[in-house]
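Structure data (compact mmCIF, C-alpha atoms) from protein.txt:
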# COMPACT_ATOMS: atom_id res chain seq x y z
CA MET A 6 158.86 125.44 156.76
CA MET A 7 160.71 122.58 158.39
CA GLY A 8 161.98 122.81 161.96
CA ARG A 9 165.62 123.30 160.97
CA SER A 10 164.74 126.26 158.73
CA HIS A 11 162.62 127.81 161.48
CA ALA A 12 165.44 127.44 164.02
CA LEU A 13 168.00 128.90 161.61
CA SER A 14 165.73 131.86 160.88
CA GLY A 15 165.32 132.40 164.62
CA TRP A 16 169.10 132.28 165.09
CA VAL A 17 169.60 134.86 162.33
CA ALA A 18 166.86 137.10 163.70
CA GLY A 19 168.32 136.83 167.20
CA LEU A 20 171.76 137.91 166.01
CA ALA A 21 170.23 140.85 164.13
CA VAL A 22 167.93 141.99 166.96
CA ALA A 23 170.39 141.55 169.86
CA PRO A 24 172.10 144.94 169.42
CA MET A 25 168.66 146.60 169.28
CA VAL A 26 167.86 145.39 172.81
CA GLY A 27 171.21 146.55 174.19
CA LEU A 28 173.26 143.34 173.96
CA THR A 29 176.87 143.89 172.93
CA THR A 30 179.16 141.10 174.12
CA MET A 31 179.49 137.61 172.68
CA ALA A 32 178.27 136.16 176.01
CA GLU A 33 175.04 138.17 175.66
CA ILE A 34 174.36 137.94 171.92
CA VAL A 35 174.91 134.21 171.40
CA PRO A 36 172.56 133.00 174.20
CA PHE A 37 169.94 135.50 173.00
CA ALA A 38 170.18 134.16 169.44
CA ALA A 39 170.08 130.56 170.70
CA ALA A 40 166.94 131.24 172.75
CA THR A 41 165.34 133.00 169.77
CA ALA A 42 166.16 129.98 167.60
CA GLY A 43 164.45 127.71 170.11
CA TYR A 44 161.32 129.80 170.43
CA ALA A 45 161.09 129.95 166.65
CA LEU A 46 159.98 126.32 167.01
CA VAL A 47 157.31 126.88 169.68
CA PRO A 48 154.37 127.76 167.39
CA ASP A 49 154.50 124.21 166.01
CA LEU A 50 153.39 122.87 169.39
CA ASP A 51 150.06 122.71 167.57
CA HIS A 52 151.42 119.82 165.46
CA THR A 53 151.85 116.36 167.01
CA GLY A 54 154.89 115.49 164.92
CA ALA A 55 156.84 118.71 165.53
CA SER A 56 160.11 118.74 167.46
CA ALA A 57 158.64 121.02 170.11
CA SER A 58 155.78 118.57 170.71
CA ARG A 59 158.12 115.58 171.06
CA LEU A 60 160.95 117.24 172.98
CA LEU A 61 159.99 116.19 176.53
CA GLY A 62 157.83 113.20 175.65
CA PRO A 63 154.46 113.13 177.42
CA ILE A 64 155.01 116.58 178.98
CA THR A 65 155.30 118.51 175.73
CA GLY A 66 152.82 116.06 174.18
CA LEU A 67 150.22 117.14 176.74
CA ILE A 68 151.02 120.80 176.08
CA SER A 69 150.61 120.14 172.37
CA ARG A 70 147.16 118.65 172.90
CA ALA A 71 146.15 121.63 175.02
CA VAL A 72 147.39 124.09 172.39
CA ARG A 73 145.50 122.30 169.62
CA ALA A 74 142.30 122.14 171.68
CA PHE A 75 142.49 125.83 172.57
CA SER A 76 143.27 126.78 168.97
CA SER A 77 140.28 124.81 167.70
CA ILE A 78 137.93 126.51 170.17
CA LEU A 79 139.34 129.96 169.38
CA TYR A 80 139.00 129.37 165.64
CA ALA A 81 135.37 128.28 165.93
CA ALA A 82 134.56 131.29 168.11
CA THR A 83 136.27 133.95 166.00
CA LYS A 84 136.24 132.80 162.36
CA GLY A 85 134.80 135.19 159.83
CA PRO A 86 132.09 134.57 157.22
CA ARG A 87 134.64 133.64 154.53
CA ASP A 88 137.05 131.60 156.65
CA GLU A 89 137.39 128.02 155.47
CA ASP A 90 135.79 125.05 157.19
CA SER A 91 138.74 123.86 159.27
CA THR A 92 139.55 122.31 162.63
CA GLY A 93 141.57 125.42 163.41
CA LYS A 94 144.32 123.43 165.10
CA HIS A 95 147.56 123.66 163.08
CA ARG A 96 148.80 127.11 161.99
CA HIS A 97 146.15 129.04 163.84
CA ALA A 98 146.24 130.32 167.46
CA SER A 99 149.95 129.73 168.07
CA HIS A 100 150.85 131.16 164.65
CA THR A 101 149.78 134.74 165.35
CA LEU A 102 151.50 137.98 166.26
CA ALA A 103 149.13 138.16 169.24
CA ALA A 104 150.44 134.82 170.56
CA ALA A 105 154.06 135.94 170.08
CA LEU A 106 153.50 139.18 171.98
CA LEU A 107 151.52 137.45 174.74
CA LEU A 108 154.09 134.72 175.35
CA GLY A 109 156.90 137.27 175.16
CA TRP A 110 155.14 139.41 177.75
CA LEU A 111 154.62 136.39 180.03
CA ALA A 112 158.29 135.42 179.68
CA ALA A 113 159.39 138.98 180.45
CA GLY A 114 157.26 138.93 183.59
CA ALA A 115 158.66 135.60 184.76
CA GLY A 116 161.45 137.33 186.66
CA ALA A 117 159.02 139.44 188.66
CA SER A 118 156.94 136.46 189.76
CA GLY A 119 159.35 133.53 189.75
CA GLY A 120 162.76 135.12 190.13
CA GLN A 121 165.92 134.56 188.13
CA TRP A 122 165.58 130.78 188.14
CA ALA A 123 162.20 131.02 186.41
CA VAL A 124 163.72 133.25 183.75
CA PHE A 125 166.69 130.93 183.38
CA GLY A 126 164.27 128.02 182.94
CA VAL A 127 162.51 129.84 180.09
CA ALA A 128 165.85 130.58 178.41
CA LEU A 129 167.09 127.01 178.93
CA PHE A 130 163.94 125.55 177.35
CA GLY A 131 164.56 127.65 174.23
CA LEU A 132 168.21 126.57 174.12
CA ILE A 133 167.31 122.88 174.44
CA LEU A 134 164.68 123.23 171.70
CA ALA A 135 167.22 124.83 169.36
CA ALA A 136 169.93 122.26 170.14
CA ASP A 137 167.45 119.43 169.54
CA VAL A 138 166.93 120.62 165.97
CA LEU A 139 170.25 122.26 165.05
CA GLY A 140 172.58 119.96 166.98
CA ASP A 141 174.55 119.88 170.22
CA TRP A 142 177.17 122.20 168.70
CA LEU A 143 174.88 125.04 169.73
CA LEU A 144 175.43 124.25 173.42
CA PHE A 145 179.18 124.39 172.83
CA VAL A 146 178.88 127.74 171.03
CA VAL A 147 176.90 129.26 173.91
CA ALA A 148 179.42 127.99 176.48
CA ALA A 149 182.34 129.14 174.33
CA ALA A 150 180.81 132.62 174.00
CA ALA A 151 180.63 132.97 177.78
CA PHE A 152 184.21 131.71 178.18
CA TRP A 153 185.43 134.05 175.41
CA THR A 154 183.95 137.10 177.12
CA VAL A 155 185.25 136.24 180.60
CA SER A 156 188.72 135.12 179.50
CA GLY A 157 189.08 138.10 177.20
CA SER A 158 188.36 140.47 180.06
CA HIS A 159 191.43 139.19 181.98
CA LEU A 160 189.43 139.14 185.19
CA PRO A 161 190.63 137.15 188.20
CA GLY A 162 188.60 134.12 189.21
CA ALA A 163 186.32 135.87 191.69
CA ASP A 164 185.60 138.79 189.35
CA ALA A 165 184.97 136.40 186.47
CA ALA A 166 182.38 134.61 188.57
CA VAL A 167 180.74 137.96 189.31
CA ALA A 168 180.71 138.77 185.59
CA LEU A 169 179.05 135.46 184.78
CA GLN A 170 176.46 136.03 187.52
CA ALA A 171 175.76 139.49 186.12
CA GLY A 172 175.19 137.95 182.71
CA PHE A 173 172.94 135.34 184.29
CA ASP A 174 170.90 138.07 185.99
CA GLN A 175 170.64 140.01 182.73
CA ILE A 176 168.77 137.20 181.00
CA GLY A 177 165.57 138.59 182.49
CA SER A 178 166.01 141.81 180.53
CA TRP A 179 165.94 140.12 177.13
CA ILE A 180 164.15 136.78 177.43
CA GLY A 181 160.76 138.28 176.57
CA ALA A 182 162.15 139.76 173.36
CA ALA A 183 163.79 136.44 172.43
CA VAL A 184 160.49 134.58 172.85
CA ALA A 185 158.42 137.13 170.91
CA VAL A 186 160.92 137.55 168.08
CA GLY A 187 161.40 133.80 167.70
CA MET A 188 157.68 133.07 167.50
CA PHE A 189 157.03 135.92 165.08
CA VAL A 190 159.90 134.86 162.79
CA HIS A 191 158.28 131.41 162.65
CA CYS A 192 155.07 133.05 161.41
CA LEU A 193 156.96 135.01 158.76
CA GLY A 194 158.64 131.82 157.58
CA ASP A 195 155.34 129.99 157.24
CA SER A 196 153.97 132.98 155.34
CA LEU A 197 156.39 132.15 152.53
CA THR A 198 154.87 128.71 152.00
CA ARG A 199 151.89 127.79 149.84
CA SER A 200 149.58 127.50 152.87
CA GLY A 201 150.50 130.90 154.29
CA CYS A 202 150.03 131.94 157.91
CA PRO A 203 147.19 133.93 159.58
CA TRP A 204 149.50 135.92 161.86
CA LEU A 205 147.41 139.11 161.62
CA TRP A 206 144.51 137.52 163.53
CA PRO A 207 142.07 138.95 164.65
CA LEU A 208 142.30 141.67 161.97
CA PRO A 209 139.51 140.93 159.43
CA ILE A 210 140.72 140.81 155.81
CA ARG A 211 138.30 140.11 152.93
CA GLY A 212 135.79 138.60 155.30
CA GLU A 213 138.36 136.31 156.93
CA THR A 214 139.50 136.69 160.53
CA TRP A 215 142.14 134.01 159.92
CA PHE A 216 143.39 135.36 156.59
CA GLU A 217 146.53 133.50 155.43
CA ILE A 218 149.32 135.98 154.71
CA ARG A 219 151.50 134.81 151.80
CA PRO A 220 153.43 136.20 148.81
CA PRO A 221 152.23 136.09 145.20
CA ARG A 222 151.73 132.58 143.85
CA GLY A 223 155.03 132.42 141.95
CA LEU A 224 157.06 133.24 145.06
CA ARG A 225 155.57 130.57 147.34
CA PHE A 226 157.22 127.22 148.01
CA SER A 227 156.17 123.93 149.57
CA THR A 228 157.45 122.84 152.97
CA ASP A 229 160.65 120.73 152.64
CA SER A 230 160.83 121.48 148.91
CA TRP A 231 164.14 121.79 147.05
CA ILE A 232 163.87 125.57 147.36
CA GLU A 233 163.84 125.34 151.15
CA ARG A 234 166.57 122.70 151.33
CA LEU A 235 168.96 124.04 148.67
CA ILE A 236 168.39 127.80 148.79
CA ILE A 237 166.65 129.07 151.93
CA ALA A 238 168.39 126.87 154.52
CA PRO A 239 171.93 127.49 153.13
CA VAL A 240 171.31 131.25 152.90
CA LEU A 241 170.12 131.29 156.52
CA LEU A 242 173.15 129.26 157.58
CA ILE A 243 175.56 131.68 155.89
CA ALA A 244 173.76 134.68 157.39
CA GLY A 245 173.87 133.00 160.79
CA VAL A 246 177.67 132.85 160.57
CA LEU A 247 178.25 136.31 159.11
CA LEU A 248 176.09 138.00 161.75
CA LEU A 249 178.19 136.65 164.61
CA PRO A 250 180.10 139.47 166.32
CA GLY A 251 183.38 140.07 164.48
CA ALA A 252 182.68 137.52 161.74
CA ILE A 253 182.49 139.93 158.80
CA PRO A 254 185.95 141.50 159.38
CA ILE A 255 187.44 138.00 159.60
CA VAL A 256 185.76 136.99 156.33
CA GLN A 257 186.93 140.20 154.66
CA ASP A 258 190.48 139.58 155.83
CA LEU A 259 190.42 136.00 154.55
CA ALA A 260 189.00 137.17 151.22
CA ALA A 261 191.75 139.79 150.92
CA GLN A 262 194.40 137.15 151.62
CA VAL A 263 192.91 134.81 149.01
CA ILE A 264 192.80 137.60 146.42
CA ALA A 265 196.38 138.62 147.21
CA TYR A 266 197.55 135.00 146.93
CA THR A 267 195.71 134.56 143.62
CA ASP A 268 197.25 137.73 142.20
CA GLN A 269 200.68 136.59 143.37
CA GLN A 270 200.30 133.24 141.64
CA ALA A 271 199.07 134.92 138.46
CA THR A 272 202.07 137.28 138.34
CA PRO A 273 204.79 135.79 136.07

Could you write out this structure as structure tokens?
Amino acid sequence: MMGRSHALSGWVAGLAVAPMVGLTTMAEIVPFAAATAGYALVPDLDHTGASASRLLGPITGLISRAVRAFSSILYAATKGPRDEDSTGKHRHASHTLAAALLLGWLAAGAGASGGQWAVFGVALFGLILAADVLGDWLLFVVAAAAFWTVSGSHLPGADAAVALQAGFDQIGSWIGAAVAVGMFVHCLGDSLTRSGCPWLWPLPIRGETWFEIRPPRGLRFSTDSWIERLIIAPVLLIAGVLLLPGAIPIVQDLAAQVIAYTDQQATP
């Protein structure tokens, strides 16, 4: 899948998972979904042309080279008797459930070792990644969500600042989940393509340690194909709007008004 589709799928997954990890307000759910969208791009650090690899120039470029080198070594050391002859760089080590859980665990532990600023840095990196692919509107949405929550609470200035600080501190409670969910959603997205994704590594399947998980042949699609651009991406975009807190009642109300107006115009 292309970067935009991965980010959109991460955004949708973040909105769906947020209530499961105890997030309820707009100021909590939207940043969580934004971070999940960003980390849905991280597995492609094993590709030189990916947005994640180019984001910070030589810094992320160096990380990309390290990821590809590690992935190649891991593939050579763990491939099964029926695994293909491959470099093991793209869609290997970083495209596994194990990698998602490991990075999520490391992110969750960032607060214990580096404090709230380390956690905030992890969250900010995900937000910047997502905004780089989806657009700067995402930064506005995150800021607007925080403003919405504080202004809607009718708190005085000092209490509003305390509320924002409390939300800032709470990032540490969900950042690990955002990282893990985002990376795993990326793997699921790549599993829908013709190449598949070996996210069950190191579980051996049919003699392959790096067995590519994918649907039946007729349900697969090529990356950046018309199916992805005209069906999958629009569906994800619609879902990403409808899953926003309070969006469905608004849509239902608008639909009811449209139906009522149509019936009124049809009545002689």

Quick one: residues within 8 Å of Gly8 in chain A, all atoms listed in the file counted, chain neighbours fewer than 4 positions away excluded, as a PDB file with C-alpha atoms, in the frame of the given file?
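Saved file selection_6.pdb follows:
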ATOM      1  CA  ALA A  12     165.440 127.440 164.020  1.00  0.00           C
ATOM      2  CA  LEU A  46     159.980 126.320 167.010  1.00  0.00           C
ATOM      3  CA  ALA A  55     156.840 118.710 165.530  1.00  0.00           C
ATOM      4  CA  SER A  56     160.110 118.740 167.460  1.00  0.00           C
ATOM      5  CA  VAL A 138     166.930 120.620 165.970  1.00  0.00           C
TER       6      VAL A 138
END

Hey, what's within 10 Å of range 232-242 of chain A if we count all atoms listed in the file and toss same-chain stuff fewer than 2 positions away? As a PyMOL selection string, please?
chain A and resi 6-7+9-18+198+225-230+244-247

CA of Leu249 in chain A and CA of Leu20 in chain A are how many Å apart?
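Interatomic distance, CA of Leu249 in chain A to CA of Leu20 in chain A: 6.7 Å.
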
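Comparing A:Gly43, A:Gly93, A:Gly201, A:Pro209 by their smallest distance to Ala128 in chain A, the closest is A:Gly43 (using all atoms listed in the file).
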
Using only C-alpha atoms: which of A:Ala57, A:Val127, A:Val186, A:Ser91 has the shortest distance to Gly114 in chain A:
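Smallest distance to Gly114 in chain A is found for A:Val127.
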
Hey, can you check how far CA of Pro24 in chain A sits from CA of His100 in chain A?
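Those two atoms sit 25.8 Å apart.
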
Of A:Pro221, A:Gly177, A:Leu139, A:Ala150, the one sitting nearest Ser118 in chain A when using only C-alpha atoms is A:Gly177

Report the distance between CA of Leu106 in chain A and CA of Ala182 in chain A in Å, rounded to one decimal place.
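Computed distance, CA of Leu106 in chain A to CA of Ala182 in chain A, equals 8.8 Å.
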
Pick out the residues sitting within 8 Å of Pro36 in chain A, and hand them over as JSON, numbers by chain; count all atoms listed in the file, and ignore anything fewer than 4 positions along from it in its own chain.
{"A": [32, 40, 132, 147]}

Proximity to Asp195 in chain A - best of A:Thr41, A:Pro48, A:Leu208, A:Ala115, only C-alpha atoms:
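Of A:Thr41, A:Pro48, A:Leu208, A:Ala115, the one nearest Asp195 in chain A, counting only C-alpha atoms, is A:Pro48.
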
Give as a PyMOL selection string every residue, naming chains and numbers as the document does, that has an atom within 8 Å of (182.4, 143.9, 169.0), counting all atoms listed in the file.
chain A and resi 29-31+250-251

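Between Arg96 in chain A and the residues A:Thr214, A:Ser76, A:Gln121, A:Thr65, the shortest atom-to-atom distance, using all atoms listed in the file, involves A:Ser76.
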
Please put the answer as lines of an AutoDock Vina configuration file: centre and edge lengths, in Å with one decimal, of a box along x, y and z that encloses all listed atoms of range 41-53 of chain A plus 3 Å on each side.
center_x = 158.1
center_y = 124.7
center_z = 167.9
size_x = 22.1
size_y = 22.6
size_z = 11.0

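Distance check against Phe189 in chain A using all atoms listed in the file: of A:Gly54, A:Ser77, A:Glu213, A:Tyr44, the minimum falls on A:Tyr44.
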
Tell me, as a PyMOL selection string, which residues lie within 9 Å of His95 in chain A, counting only C-alpha atoms; anything in the same chain fewer than 6 positions away does not count.
chain A and resi 49-52+73+76-77

Output as an mmCIF file, keeping the file's coordinate frame: range 21-35 of chain A, completed with N, CA and C atoms.
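Written output follows (result-v2.cif):
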data_model
loop_
_atom_site.group_PDB
_atom_site.id
_atom_site.type_symbol
_atom_site.label_atom_id
_atom_site.label_comp_id
_atom_site.auth_asym_id
_atom_site.auth_seq_id
_atom_site.Cartn_x
_atom_site.Cartn_y
_atom_site.Cartn_z
ATOM 1 N N ALA A 21 170.512 139.526 164.679
ATOM 2 C CA ALA A 21 170.230 140.850 164.130
ATOM 3 C C ALA A 21 169.569 141.765 165.162
ATOM 4 N N VAL A 22 168.705 141.194 166.006
ATOM 5 C CA VAL A 22 167.930 141.990 166.960
ATOM 6 C C VAL A 22 168.713 142.278 168.240
ATOM 7 N N ALA A 23 169.654 141.408 168.598
ATOM 8 C CA ALA A 23 170.390 141.550 169.860
ATOM 9 C C ALA A 23 170.926 142.955 170.118
ATOM 10 N N PRO A 24 171.605 143.584 169.154
ATOM 11 C CA PRO A 24 172.100 144.940 169.420
ATOM 12 C C PRO A 24 170.979 145.948 169.675
ATOM 13 N N MET A 25 169.791 145.683 169.118
ATOM 14 C CA MET A 25 168.660 146.600 169.280
ATOM 15 C C MET A 25 168.107 146.576 170.709
ATOM 16 N N VAL A 26 168.347 145.474 171.434
ATOM 17 C CA VAL A 26 167.860 145.390 172.810
ATOM 18 C C VAL A 26 168.999 145.611 173.811
ATOM 19 N N GLY A 27 170.117 146.150 173.305
ATOM 20 C CA GLY A 27 171.210 146.550 174.190
ATOM 21 C C GLY A 27 172.246 145.494 174.477
ATOM 22 N N LEU A 28 172.261 144.388 173.726
ATOM 23 C CA LEU A 28 173.260 143.340 173.960
ATOM 24 C C LEU A 28 174.478 143.598 173.080
ATOM 25 N N THR A 29 175.653 143.524 173.658
ATOM 26 C CA THR A 29 176.870 143.890 172.930
ATOM 27 C C THR A 29 177.951 142.823 172.940
ATOM 28 N N THR A 30 178.078 142.069 174.027
ATOM 29 C CA THR A 30 179.160 141.100 174.120
ATOM 30 C C THR A 30 178.741 139.749 173.538
ATOM 31 N N MET A 31 179.745 138.938 173.218
ATOM 32 C CA MET A 31 179.490 137.610 172.680
ATOM 33 C C MET A 31 178.686 136.774 173.676
ATOM 34 N N ALA A 32 178.957 136.936 174.976
ATOM 35 C CA ALA A 32 178.270 136.160 176.010
ATOM 36 C C ALA A 32 176.803 136.562 176.138
ATOM 37 N N GLU A 33 176.434 137.726 175.625
ATOM 38 C CA GLU A 33 175.040 138.170 175.660
ATOM 39 C C GLU A 33 174.333 137.834 174.349
ATOM 40 N N ILE A 34 175.000 138.082 173.236
ATOM 41 C CA ILE A 34 174.360 137.940 171.920
ATOM 42 C C ILE A 34 174.093 136.488 171.561
ATOM 43 N N VAL A 35 175.065 135.613 171.798
ATOM 44 C CA VAL A 35 174.910 134.210 171.400
ATOM 45 C C VAL A 35 173.781 133.505 172.163
#
